[in-house]
Amino acid sequence: GLEVIMDVVYNHTAEGNEQGLTLSFRGLGNSVYYVVAPAGEFYNYSGCGNTFNCNHPAVRQFILDSLRFWVTEYHIDGFRFDLASILTRAGSTWEQQAMFGSTWEQQ
């Protein structure tokens, strides 16, 4: 049968940088949901905007809950993580997790 692999983006959100409008996560806590430099600006590892702080337990739970939702409600068979290497930047505690597996780059 047909299997569905969903492309997910957890490396950044649509919300702007520290000078932009507050639309969602930024209103809940900058340093919880985004990787913030000591001077207060948001890091932009992807080149697409603010970098989601996948090292924070609340963000990890958000990611796991959303993946679980797609599997449970829509029976998604797997996921392709956009720019997965950004999810495990320095200081990450994901290394012991089997969630992301090995990332690879298309040649």
# chains A, B, ... in the order shown; residues from 1 in each chain; ligands from 1
$ select_by_dssp --residues "region 28-96 of chain A" --states "helix (DSSP H, G or I)" --output "number ranges by chain"
A: 30-33, 57-74, 84-88
$ atom_distance --atom1 "CA of Val9 (chain A)" --atom2 "CA of Leu64 (chain A)"
12.8 Å
$ closest_residue --among "A:Asn30, A:Phe25, A:Ser85, A:Phe62" --to "Tyr45 (chain A)" --atoms "only C-alpha atoms"
A:Ser85
$ residues_around --residues "Asn11 (chain A)" --least-positions-apart "6" --cutoff "9 Å" --atoms "only C-alpha atoms" --output "VMD selection string"
chain A and resid 45 to 46 48 50 to 54 81 to 87
$ closest_residue --among "A:His12, A:His75, A:Arg26, A:Arg68" --to "Asn44 (chain A)" --atoms "only C-alpha atoms"
A:His12
$ atom_distance --atom1 "CA of Asn55 (chain A)" --atom2 "CA of Phe69 (chain A)"
20.7 Å
